[in-house]
$ cat protein_3.cif   # mmCIF, C-alpha atoms
data_structure
loop_
_atom_site.group_PDB
_atom_site.id
_atom_site.type_symbol
_atom_site.label_atom_id
_atom_site.label_comp_id
_atom_site.auth_asym_id
_atom_site.auth_seq_id
_atom_site.Cartn_x
_atom_site.Cartn_y
_atom_site.Cartn_z
ATOM 1 C CA MET A 1 0.000 0.000 0.000
ATOM 2 C CA SER A 2 1.356 3.409 -0.934
ATOM 3 C CA LEU A 3 2.041 5.940 1.769
ATOM 4 C CA ARG A 4 -0.609 8.273 0.384
ATOM 5 C CA ALA A 5 -3.298 5.557 0.421
ATOM 6 C CA LEU A 6 -2.231 4.551 3.917
ATOM 7 C CA SER A 7 -2.463 8.149 5.148
ATOM 8 C CA THR A 8 -5.932 8.531 3.639
ATOM 9 C CA ALA A 9 -7.083 5.249 5.189
ATOM 10 C CA THR A 10 -5.740 6.420 8.566
ATOM 11 C CA VAL A 11 -7.563 9.752 8.464
ATOM 12 C CA VAL A 12 -10.823 8.140 7.315
ATOM 13 C CA THR A 13 -10.686 5.338 9.906
ATOM 14 C CA LEU A 14 -9.762 7.605 12.812
ATOM 15 C CA THR A 15 -12.437 10.144 11.895
ATOM 16 C CA GLY A 16 -14.956 7.318 11.601
ATOM 17 C CA ALA A 17 -13.854 5.904 14.939
ATOM 18 C CA PHE A 18 -14.286 9.236 16.718
ATOM 19 C CA ALA A 19 -17.699 9.680 15.094
ATOM 20 C CA LEU A 20 -18.700 6.229 16.368
ATOM 21 C CA VAL A 21 -17.374 7.062 19.845
ATOM 22 C CA PHE A 22 -19.510 10.167 20.220
ATOM 23 C CA PHE A 23 -22.578 9.407 18.089
ATOM 24 C CA TYR A 24 -22.990 5.627 18.077
ATOM 25 C CA ALA A 25 -21.516 3.948 21.149
ATOM 26 C CA PRO A 26 -23.796 4.152 24.191
ATOM 27 C CA ASN A 27 -22.684 5.635 27.484
ATOM 28 C CA ASP A 28 -21.395 3.110 29.995
ATOM 29 C CA ALA A 29 -23.922 2.144 32.670
ATOM 30 C CA ASP A 30 -21.409 2.596 35.523
ATOM 31 C CA GLN A 31 -19.093 5.338 34.380
ATOM 32 C CA GLY A 32 -21.318 7.275 32.029
ATOM 33 C CA PHE A 33 -19.768 9.651 29.513
ATOM 34 C CA ILE A 34 -16.288 9.448 31.047
ATOM 35 C CA GLN A 35 -15.913 5.904 29.670
ATOM 36 C CA LYS A 36 -15.414 7.452 26.200
ATOM 37 C CA ILE A 37 -11.757 7.898 27.150
ATOM 38 C CA PHE A 38 -11.491 4.122 26.866
ATOM 39 C CA TYR A 39 -11.656 4.308 23.037
ATOM 40 C CA VAL A 40 -8.509 6.395 22.801
ATOM 41 C CA HIS A 41 -6.616 5.173 25.868
ATOM 42 C CA VAL A 42 -6.812 1.389 25.383
ATOM 43 C CA PRO A 43 -5.980 1.268 21.637
ATOM 44 C CA MET A 44 -3.030 3.598 22.305
ATOM 45 C CA ALA A 45 -1.804 1.321 25.104
ATOM 46 C CA MET A 46 -2.206 -1.823 23.023
ATOM 47 C CA ILE A 47 -0.423 -0.372 19.991
ATOM 48 C CA ALA A 48 2.364 1.093 22.139
ATOM 49 C CA LEU A 49 2.997 -2.309 23.697
ATOM 50 C CA PHE A 50 2.792 -3.990 20.299
ATOM 51 C CA GLY A 51 5.405 -1.507 19.045
ATOM 52 C CA PHE A 52 7.766 -2.401 21.882
ATOM 53 C CA VAL A 53 7.417 -6.093 21.015
ATOM 54 C CA ALA A 54 7.893 -5.369 17.283
ATOM 55 C CA GLY A 55 11.011 -3.386 18.216
ATOM 56 C CA ALA A 56 12.334 -6.408 20.106
ATOM 57 C CA VAL A 57 11.622 -8.709 17.135
ATOM 58 C CA CYS A 58 13.490 -6.355 14.777
ATOM 59 C CA ALA A 59 16.334 -6.178 17.305
ATOM 60 C CA ILE A 60 16.595 -9.983 17.253
ATOM 61 C CA GLN A 61 16.770 -9.823 13.461
ATOM 62 C CA HIS A 62 19.495 -7.192 13.730
ATOM 63 C CA LEU A 63 21.534 -9.321 16.101
ATOM 64 C CA ARG A 64 21.138 -12.297 13.755
ATOM 65 C CA THR A 65 21.919 -10.573 10.461
ATOM 66 C CA ARG A 66 23.858 -7.426 11.558
ATOM 67 C CA GLU A 67 21.966 -5.496 8.898
ATOM 68 C CA SER A 68 21.487 -1.869 9.883
ATOM 69 C CA LYS A 69 17.961 -1.737 8.424
ATOM 70 C CA TRP A 70 16.734 -3.908 11.296
ATOM 71 C CA ASP A 71 18.310 -1.586 13.820
ATOM 72 C CA LEU A 72 16.582 1.348 12.142
ATOM 73 C CA ARG A 73 13.225 -0.455 12.188
ATOM 74 C CA SER A 74 13.630 -1.390 15.834
ATOM 75 C CA TYR A 75 14.604 2.196 16.684
ATOM 76 C CA VAL A 76 11.550 3.665 14.930
ATOM 77 C CA PHE A 77 9.171 1.140 16.532
ATOM 78 C CA ILE A 78 10.445 2.008 20.012
ATOM 79 C CA HIS A 79 10.559 5.734 19.269
ATOM 80 C CA LEU A 80 6.894 5.795 18.198
ATOM 81 C CA SER A 81 5.788 3.554 21.056
ATOM 82 C CA LEU A 82 7.399 5.930 23.529
ATOM 83 C CA ILE A 83 5.383 8.808 22.089
ATOM 84 C CA LEU A 84 2.192 6.757 22.355
ATOM 85 C CA GLY A 85 3.283 5.733 25.850
ATOM 86 C CA VAL A 86 3.250 9.386 26.910
ATOM 87 C CA GLY A 87 -0.304 9.606 25.583
ATOM 88 C CA VAL A 88 -1.319 6.437 27.430
ATOM 89 C CA LEU A 89 0.010 7.735 30.741
ATOM 90 C CA ILE A 90 -1.621 11.139 30.389
ATOM 91 C CA THR A 91 -5.026 9.879 29.181
ATOM 92 C CA GLY A 92 -4.908 7.125 31.816
ATOM 93 C CA SER A 93 -4.282 9.690 34.517
ATOM 94 C CA ILE A 94 -7.170 11.828 33.306
ATOM 95 C CA TRP A 95 -9.458 8.791 33.325
ATOM 96 C CA ALA A 96 -8.225 7.753 36.777
ATOM 97 C CA ARG A 97 -8.885 11.230 38.147
ATOM 98 C CA ALA A 98 -12.413 11.230 36.767
ATOM 99 C CA SER A 99 -13.243 7.643 37.780
ATOM 100 C CA TRP A 100 -11.314 7.035 40.959
ATOM 101 C CA GLY A 101 -10.697 10.577 42.173
ATOM 102 C CA HIS A 102 -6.900 10.214 41.946
ATOM 103 C CA TRP A 103 -4.471 11.086 39.171
ATOM 104 C CA TRP A 104 -2.410 7.988 39.929
ATOM 105 C CA VAL A 105 -2.930 4.877 42.052
ATOM 106 C CA TRP A 106 0.335 3.305 43.105
ATOM 107 C CA ASP A 107 -1.100 -0.056 44.178
ATOM 108 C CA GLU A 108 -2.742 -0.626 40.781
ATOM 109 C CA PRO A 109 -0.614 -3.263 38.962
ATOM 110 C CA THR A 110 -1.704 -2.239 35.454
ATOM 111 C CA LEU A 111 -0.691 1.376 35.896
ATOM 112 C CA VAL A 112 2.568 0.655 37.661
ATOM 113 C CA SER A 113 3.622 -2.135 35.287
ATOM 114 C CA PHE A 114 2.988 0.135 32.290
ATOM 115 C CA LEU A 115 4.991 2.893 33.963
ATOM 116 C CA ILE A 116 7.855 0.440 34.563
ATOM 117 C CA VAL A 117 7.833 -0.658 30.914
ATOM 118 C CA PHE A 118 7.656 2.981 29.778
ATOM 119 C CA LEU A 119 10.517 4.097 32.024
ATOM 120 C CA LEU A 120 12.567 1.123 30.914
ATOM 121 C CA TYR A 121 12.169 2.110 27.279
ATOM 122 C CA ALA A 122 12.769 5.750 28.152
ATOM 123 C CA CYS A 123 16.374 4.653 28.810
ATOM 124 C CA TYR A 124 16.708 3.381 25.232
ATOM 125 C CA GLN A 125 17.500 6.739 23.615
ATOM 126 C CA PRO A 126 19.981 7.893 26.285
ATOM 127 C CA LEU A 127 21.684 4.495 25.987
ATOM 128 C CA ARG A 128 22.083 4.947 22.241
ATOM 129 C CA PHE A 129 23.251 8.526 22.674
ATOM 130 C CA SER A 130 25.902 7.498 25.186
ATOM 131 C CA ILE A 131 27.654 5.188 22.698
ATOM 132 C CA GLU A 132 29.569 6.915 19.935
ATOM 133 C CA ASP A 133 30.690 3.893 17.952
ATOM 134 C CA ARG A 134 27.834 3.148 15.529
ATOM 135 C CA ALA A 135 28.203 -0.628 15.349
ATOM 136 C CA ARG A 136 28.479 -0.967 19.110
ATOM 137 C CA GLN A 137 25.558 1.428 19.602
ATOM 138 C CA ALA A 138 23.336 -0.659 17.318
ATOM 139 C CA ARG A 139 24.404 -3.908 18.984
ATOM 140 C CA TYR A 140 23.876 -2.694 22.550
ATOM 141 C CA ALA A 141 20.567 -1.069 21.610
ATOM 142 C CA SER A 142 19.365 -4.354 20.106
ATOM 143 C CA VAL A 143 20.313 -6.299 23.219
ATOM 144 C CA PHE A 144 18.485 -3.701 25.305
ATOM 145 C CA ALA A 145 15.391 -3.844 23.069
ATOM 146 C CA VAL A 146 15.238 -7.641 23.333
ATOM 147 C CA THR A 147 15.664 -7.593 27.123
ATOM 148 C CA ALA A 148 13.123 -4.824 27.637
ATOM 149 C CA GLY A 149 10.705 -6.569 25.267
ATOM 150 C CA ALA A 150 10.492 -9.419 27.748
ATOM 151 C CA PHE A 151 8.885 -7.044 30.262
ATOM 152 C CA VAL A 152 5.988 -6.173 27.962
ATOM 153 C CA PRO A 153 3.957 -9.371 28.555
ATOM 154 C CA LEU A 154 4.115 -8.504 32.268
ATOM 155 C CA ASN A 155 1.828 -5.590 31.570
ATOM 156 C CA PHE A 156 -0.749 -7.793 29.854
ATOM 157 C CA LEU A 157 -0.462 -10.233 32.734
ATOM 158 C CA ALA A 158 -1.049 -7.391 35.176
ATOM 159 C CA VAL A 159 -4.303 -6.484 33.424
ATOM 160 C CA ARG A 160 -5.452 -10.090 33.777
ATOM 161 C CA LEU A 161 -4.409 -10.321 37.411
ATOM 162 C CA ALA A 162 -5.744 -6.914 38.401
ATOM 163 C CA GLN A 163 -8.788 -6.754 40.622
ATOM 164 C CA ALA A 164 -11.803 -6.484 38.366
ATOM 165 C CA TYR A 165 -13.280 -3.558 40.264
ATOM 166 C CA THR A 166 -10.120 -1.489 39.972
ATOM 167 C CA HIS A 167 -9.201 -1.897 36.323
ATOM 168 C CA PRO A 168 -12.122 -3.526 34.502
ATOM 169 C CA ARG A 169 -11.402 -6.203 31.915
ATOM 170 C CA VAL A 170 -12.459 -5.271 28.446
ATOM 171 C CA PHE A 171 -12.725 -8.626 26.724
ATOM 172 C CA ALA A 172 -14.104 -10.719 29.565
ATOM 173 C CA THR A 173 -16.121 -13.569 28.130
ATOM 174 C CA THR A 174 -17.836 -14.881 31.221
ATOM 175 C CA ASP A 175 -18.938 -11.902 33.281
ATOM 176 C CA GLY A 176 -20.033 -9.506 30.611
ATOM 177 C CA GLY A 177 -17.668 -8.257 27.924
ATOM 178 C CA LEU A 178 -18.374 -5.161 25.860
ATOM 179 C CA PRO A 179 -21.857 -4.775 24.342
ATOM 180 C CA PRO A 180 -21.855 -5.116 20.511
ATOM 181 C CA LYS A 181 -22.076 -1.355 19.814
ATOM 182 C CA MET A 182 -19.159 -0.607 22.120
ATOM 183 C CA GLN A 183 -17.216 -3.550 20.710
ATOM 184 C CA LEU A 184 -17.593 -2.340 17.115
ATOM 185 C CA THR A 185 -16.545 1.175 18.114
ATOM 186 C CA PHE A 186 -13.549 -0.174 19.958
ATOM 187 C CA TYR A 187 -12.423 -2.327 17.014
ATOM 188 C CA VAL A 188 -12.682 0.604 14.600
ATOM 189 C CA ALA A 189 -10.701 2.784 17.037
ATOM 190 C CA LEU A 190 -8.091 0.028 17.355
ATOM 191 C CA LEU A 191 -7.871 -0.281 13.571
ATOM 192 C CA GLY A 192 -7.504 3.503 13.281
ATOM 193 C CA MET A 193 -4.740 3.558 15.862
ATOM 194 C CA THR A 194 -2.966 0.663 14.124
ATOM 195 C CA LEU A 195 -3.139 2.451 10.781
ATOM 196 C CA LEU A 196 -1.875 5.663 12.380
ATOM 197 C CA TYR A 197 1.048 3.817 13.904
ATOM 198 C CA VAL A 198 1.950 2.041 10.653
ATOM 199 C CA THR A 199 1.658 5.314 8.687
ATOM 200 C CA LEU A 200 3.877 7.245 11.083
ATOM 201 C CA TRP A 201 6.326 4.340 11.167
ATOM 202 C CA ARG A 202 6.603 4.338 7.394
ATOM 203 C CA TYR A 203 6.949 8.149 7.249
ATOM 204 C CA GLU A 204 9.699 8.050 9.834
ATOM 205 C CA ILE A 205 11.562 5.255 8.030
ATOM 206 C CA ALA A 206 11.221 7.061 4.681
ATOM 207 C CA ALA A 207 12.455 10.315 6.232
ATOM 208 C CA LYS A 208 15.449 8.631 7.869
ATOM 209 C CA LEU A 209 16.402 6.803 4.670
ATOM 210 C CA ALA A 210 16.102 10.009 2.625
ATOM 211 C CA ARG A 211 18.235 11.876 5.141
ATOM 212 C CA GLY A 212 20.883 9.155 5.042
ATOM 213 C CA ARG A 213 20.993 9.256 1.244
ATOM 214 C CA VAL A 214 21.208 13.045 1.149
ATOM 215 C CA ARG A 215 24.076 12.949 3.633
ATOM 216 C CA ALA A 216 25.919 10.345 1.587
ATOM 217 C CA LEU A 217 25.406 12.379 -1.570
ATOM 218 C CA LYS A 218 26.545 15.529 0.185
ATOM 219 C CA ARG A 219 29.735 13.839 1.295
ATOM 220 C CA LYS A 220 30.450 12.642 -2.217
ATOM 221 C CA LEU A 221 29.606 15.876 -3.989
ATOM 222 C CA GLY A 222 31.330 17.933 -1.338
ATOM 223 C CA GLY A 223 34.493 15.917 -1.835
ATOM 224 C CA ASP A 224 34.411 14.618 1.695
ATOM 225 C CA ASP A 225 34.258 10.835 1.741
ATOM 226 C CA ARG A 226 35.038 10.414 5.401
ATOM 227 C CA ILE A 227 32.350 9.140 7.681
ATOM 228 C CA VAL A 228 31.187 11.960 9.869
ATOM 229 C CA VAL A 229 31.710 11.050 13.493
ATOM 230 C CA GLY A 230 29.299 12.591 15.954
ATOM 231 C CA ARG A 231 26.887 11.669 18.651
ATOM 232 C CA SER A 232 23.384 10.775 17.630
ATOM 233 C CA ALA A 233 20.807 8.433 19.090
ATOM 234 C CA ALA A 234 19.379 7.695 15.646
ATOM 235 C CA PRO A 235 20.895 4.859 13.628
ATOM 236 C CA GLN A 236 23.411 5.985 11.021
ATOM 237 C CA LEU A 237 22.801 4.673 7.520
ATOM 238 C CA MET B 238 -13.572 1.700 43.873
ATOM 239 C CA ILE B 239 -15.255 3.206 40.799
ATOM 240 C CA ALA B 240 -17.115 6.330 41.789
ATOM 241 C CA ASP B 241 -20.595 7.210 40.559
ATOM 242 C CA ALA B 242 -20.832 8.485 37.003
ATOM 243 C CA LEU B 243 -19.895 12.142 36.765
ATOM 244 C CA PRO B 244 -22.502 14.565 35.421
ATOM 245 C CA LEU B 245 -22.078 15.275 31.702
ATOM 246 C CA ASP B 246 -20.762 18.814 32.124
ATOM 247 C CA GLU B 247 -17.982 17.607 34.415
ATOM 248 C CA ALA B 248 -17.216 14.373 32.545
ATOM 249 C CA GLY B 249 -17.121 16.277 29.252
ATOM 250 C CA LYS B 250 -14.098 18.262 30.412
ATOM 251 C CA TYR B 251 -12.118 15.126 31.187
ATOM 252 C CA VAL B 252 -13.100 13.408 27.935
ATOM 253 C CA ALA B 253 -12.219 16.514 25.928
ATOM 254 C CA ALA B 254 -8.875 16.747 27.721
ATOM 255 C CA ALA B 255 -8.026 13.115 26.926
ATOM 256 C CA TYR B 256 -8.839 13.470 23.219
ATOM 257 C CA LEU B 257 -7.020 16.798 23.045
ATOM 258 C CA VAL B 258 -3.911 15.138 24.504
ATOM 259 C CA PHE B 259 -4.047 12.583 21.697
ATOM 260 C CA LEU B 260 -4.539 15.246 19.034
ATOM 261 C CA ALA B 261 -1.787 17.414 20.513
ATOM 262 C CA LEU B 262 0.662 14.510 20.420
ATOM 263 C CA ILE B 263 -0.091 13.865 16.760
ATOM 264 C CA LEU B 264 0.130 17.569 15.959
ATOM 265 C CA ILE B 265 3.489 17.958 17.715
ATOM 266 C CA TYR B 266 4.817 14.877 15.970
ATOM 267 C CA VAL B 267 3.691 16.077 12.540
ATOM 268 C CA SER B 268 5.185 19.534 13.230
ATOM 269 C CA ILE B 269 8.539 17.976 14.084
ATOM 270 C CA MET B 270 8.339 15.932 10.875
ATOM 271 C CA GLY B 271 7.618 19.167 8.999
ATOM 272 C CA VAL B 272 10.678 20.880 10.466
ATOM 273 C CA ARG B 273 12.820 17.882 9.525
ATOM 274 C CA LEU B 274 11.404 17.950 6.006
ATOM 275 C CA GLN B 275 12.355 21.622 5.746
ATOM 276 C CA ARG B 276 15.900 20.750 6.806
ATOM 277 C CA LEU B 277 16.016 18.031 4.203
ATOM 278 C CA GLN B 278 14.876 20.494 1.580
ATOM 279 C CA GLN B 279 17.674 22.862 2.581
ATOM 280 C CA ASP B 280 20.163 20.018 2.223
ATOM 281 C CA LEU B 281 18.751 19.207 -1.199
ATOM 282 C CA ASP B 282 19.121 22.848 -2.239
ATOM 283 C CA GLU B 283 22.736 22.703 -1.116
ATOM 284 C CA LEU B 284 23.219 19.527 -3.108
ATOM 285 C CA LEU B 285 21.707 21.165 -6.147
ATOM 286 C CA GLU B 286 24.153 24.049 -5.786
ATOM 287 C CA LEU B 287 27.041 21.601 -5.487
ATOM 288 C CA ALA B 288 25.869 19.672 -8.530
ATOM 289 C CA GLU B 289 25.516 22.817 -10.617
ATOM 290 C CA ASP B 290 28.860 24.279 -9.585
ATOM 291 C CA PRO B 291 31.022 21.431 -8.255
ATOM 292 C CA GLY B 292 34.272 23.408 -8.271
ATOM 293 C CA SER B 293 33.175 26.132 -5.903
ATOM 294 C CA GLN B 294 31.730 24.089 -3.043
ATOM 295 C CA ARG B 295 34.025 21.400 -1.778
ATOM 296 C CA PRO B 296 34.109 21.777 2.003
ATOM 297 C CA ALA B 297 36.808 19.189 2.640
ATOM 298 C CA ALA B 298 38.991 20.446 -0.151
ATOM 299 C CA ARG B 299 38.449 23.998 1.039
ATOM 300 C CA ALA B 300 39.313 22.967 4.587
ATOM 301 C CA ALA B 301 42.525 21.371 3.372
ATOM 302 C CA GLU B 302 43.424 24.512 1.463
ATOM 303 C CA THR B 303 42.641 26.981 4.215
ATOM 304 C CA GLY B 304 43.589 24.730 7.122
ATOM 305 C CA ASP B 305 40.321 25.603 8.816
ATOM 306 C CA PRO B 306 38.759 22.443 10.244
ATOM 307 C CA ARG B 307 35.397 24.168 10.775
ATOM 308 C CA THR B 308 34.756 24.221 7.064
ATOM 309 C CA GLY B 309 35.391 20.507 6.779
ATOM 310 C CA THR B 310 32.595 18.421 8.163
ATOM 311 C CA GLY B 311 29.218 19.532 9.384
ATOM 312 C CA ALA B 312 28.067 18.796 12.880
ATOM 313 C CA GLN B 313 26.014 15.641 13.179
ATOM 314 C CA ARG B 314 22.420 16.171 14.072
#

$ encode --input "protein_3.cif" --output "structure tokens"
Amino acid sequence: MSLRALSTATVVTLTGAFALVFFYAPNDADQGFIQKIFYVHVPMAMIALFGFVAGAVCAIQHLRTRESKWDLRSYVFIHLSLILGVGVLITGSIWARASWGHWWVWDEPTLVSFLIVFLLYACYQPLRFSIEDRARQARYASVFAVTAGAFVPLNFLAVRLAQAYTHPRVFATTDGGLPPKMQLTFYVALLGMTLLYVTLWRYEIAAKLARGRVRALKRKLGGDDRIVVGRSAAPQL
Amino acid sequence: MIADALPLDEAGKYVAAAYLVFLALILIYVSIMGVRLQRLQQDLDELLELAEDPGSQRPAARAAETGDPRTGTGAQR
């Protein structure tokens, strides 16, 4: 799919999802209108965690093949997931304040485990930045991404283990999952968020590749064939 | 632990805030991409200049001639 078609699909799906949220999905019986935050918060959290796992998978590929494209892919996955992670924490806090009366609840395993995963990945960029040698930077970053990726399932586990009254389960099959209208809205929102993530990922990759090519061309045309040494957290192509 | 549903006027503020956070994140991200695209365009303009007049713009060669290392390599971003 071309980037233009992907961007259009993203805009259409996200707009449709938000329309469904506010004009189609019913208000929650317990939480009322405030439950609408669910349709932006949960897809963001799921996609952010998926991105961390995808980053770990690409890092494994990088360690296996030593090809820099895998390091770049892993970097962009983690970079985007961190941005979504910020959104998850902020929207989660807003929802917590409205529902529970507190911005943050420290004995809530879902919240704390997500924060741990987020803070862990927040170390990824400083780690890269601290290593000047490009090959070593890519290698260490990949090892870090694989190790940190192992913590992601903990967050899913925490949701399952959490007390139902504190952090309600969304896809419970026995004691009442989402009603069909809410379910459809949620799936469209999740699809929209997935498309947004994939679109931004592809834009970022395209931008980084273009920048790398321009730099290489500049070095050649400028008569400077040496590799420019400098600190950067982004992978060098 | 879940409190009673908030009245619409109060809940609306929280819901709006959450969706605005999401939109703001996307907007900031797209703005940063825009700035980077501008930088890339500047680099392309420079490249075009170099391609049109290769003799006049050779930073490394110029650095070697003048002995000024600052004109050699650009700082890495």

$ resolve_selection --input "protein_3.cif" --expression "the PyMOL selection byres ((chain A) within 9 of (chain B))" --output "MDAnalysis selection string"
chainID A and resid 28:37 40:41 83:84 86:88 90:92 94:95 97:101 165:166 200 203:204 207 210:211 214:215 217:219 221:226 228:232

$ atom_distance --input "protein_3.cif" --atom1 "CA of Ala189 in chain A" --atom2 "CA of Ala96 in chain A"
20.5 Å

$ residues_around --input "protein_3.cif" --residues "range 139-141 of chain A" --least-positions-apart "6" --cutoff "7 Å" --atoms "only C-alpha atoms" --output "list of chain:residue names"
A:Leu63, A:Tyr124, A:Arg128

$ atom_distance --input "protein_3.cif" --atom1 "CA of Arg136 in chain A" --atom2 "CA of Ala150 in chain A"
21.7 Å

$ atom_distance --input "protein_3.cif" --atom1 "CA of Thr199 in chain A" --atom2 "CA of Leu80 in chain A"
10.9 Å

$ resolve_selection --input "protein_3.cif" --expression "the PyMOL selection byres ((chain A and resi 58-61) around 9)" --output "PyMOL selection string"
chain A and resi 53-57+62-67+70-75+77+138-139+141-146

$ resolve_selection --input "protein_3.cif" --expression "the PyMOL selection byres ((chain A and resi 179-187) around 6)" --output "PyMOL selection string"
chain A and resi 20+25+39+178+188-190

$ axis_aligned_box --input "protein_3.cif" --around "range 82-91 of chain A" --padding-each-side "8 Å" --output "AutoDock Vina command-line options"
--center_x 1.2 --center_y 8.4 --center_z 26.4 --size_x 28.4 --size_y 21.4 --size_z 24.7

$ closest_residue --input "protein_3.cif" --among "A:His79, A:Met44, A:Trp106, A:Leu111" --to "Ile205 in chain A" --atoms "only C-alpha atoms"
A:His79

$ closest_residue --input "protein_3.cif" --among "A:Met1, A:Glu132, A:Ser93, A:Pro43" --to "Ala17 in chain A" --atoms "only C-alpha atoms"
A:Pro43
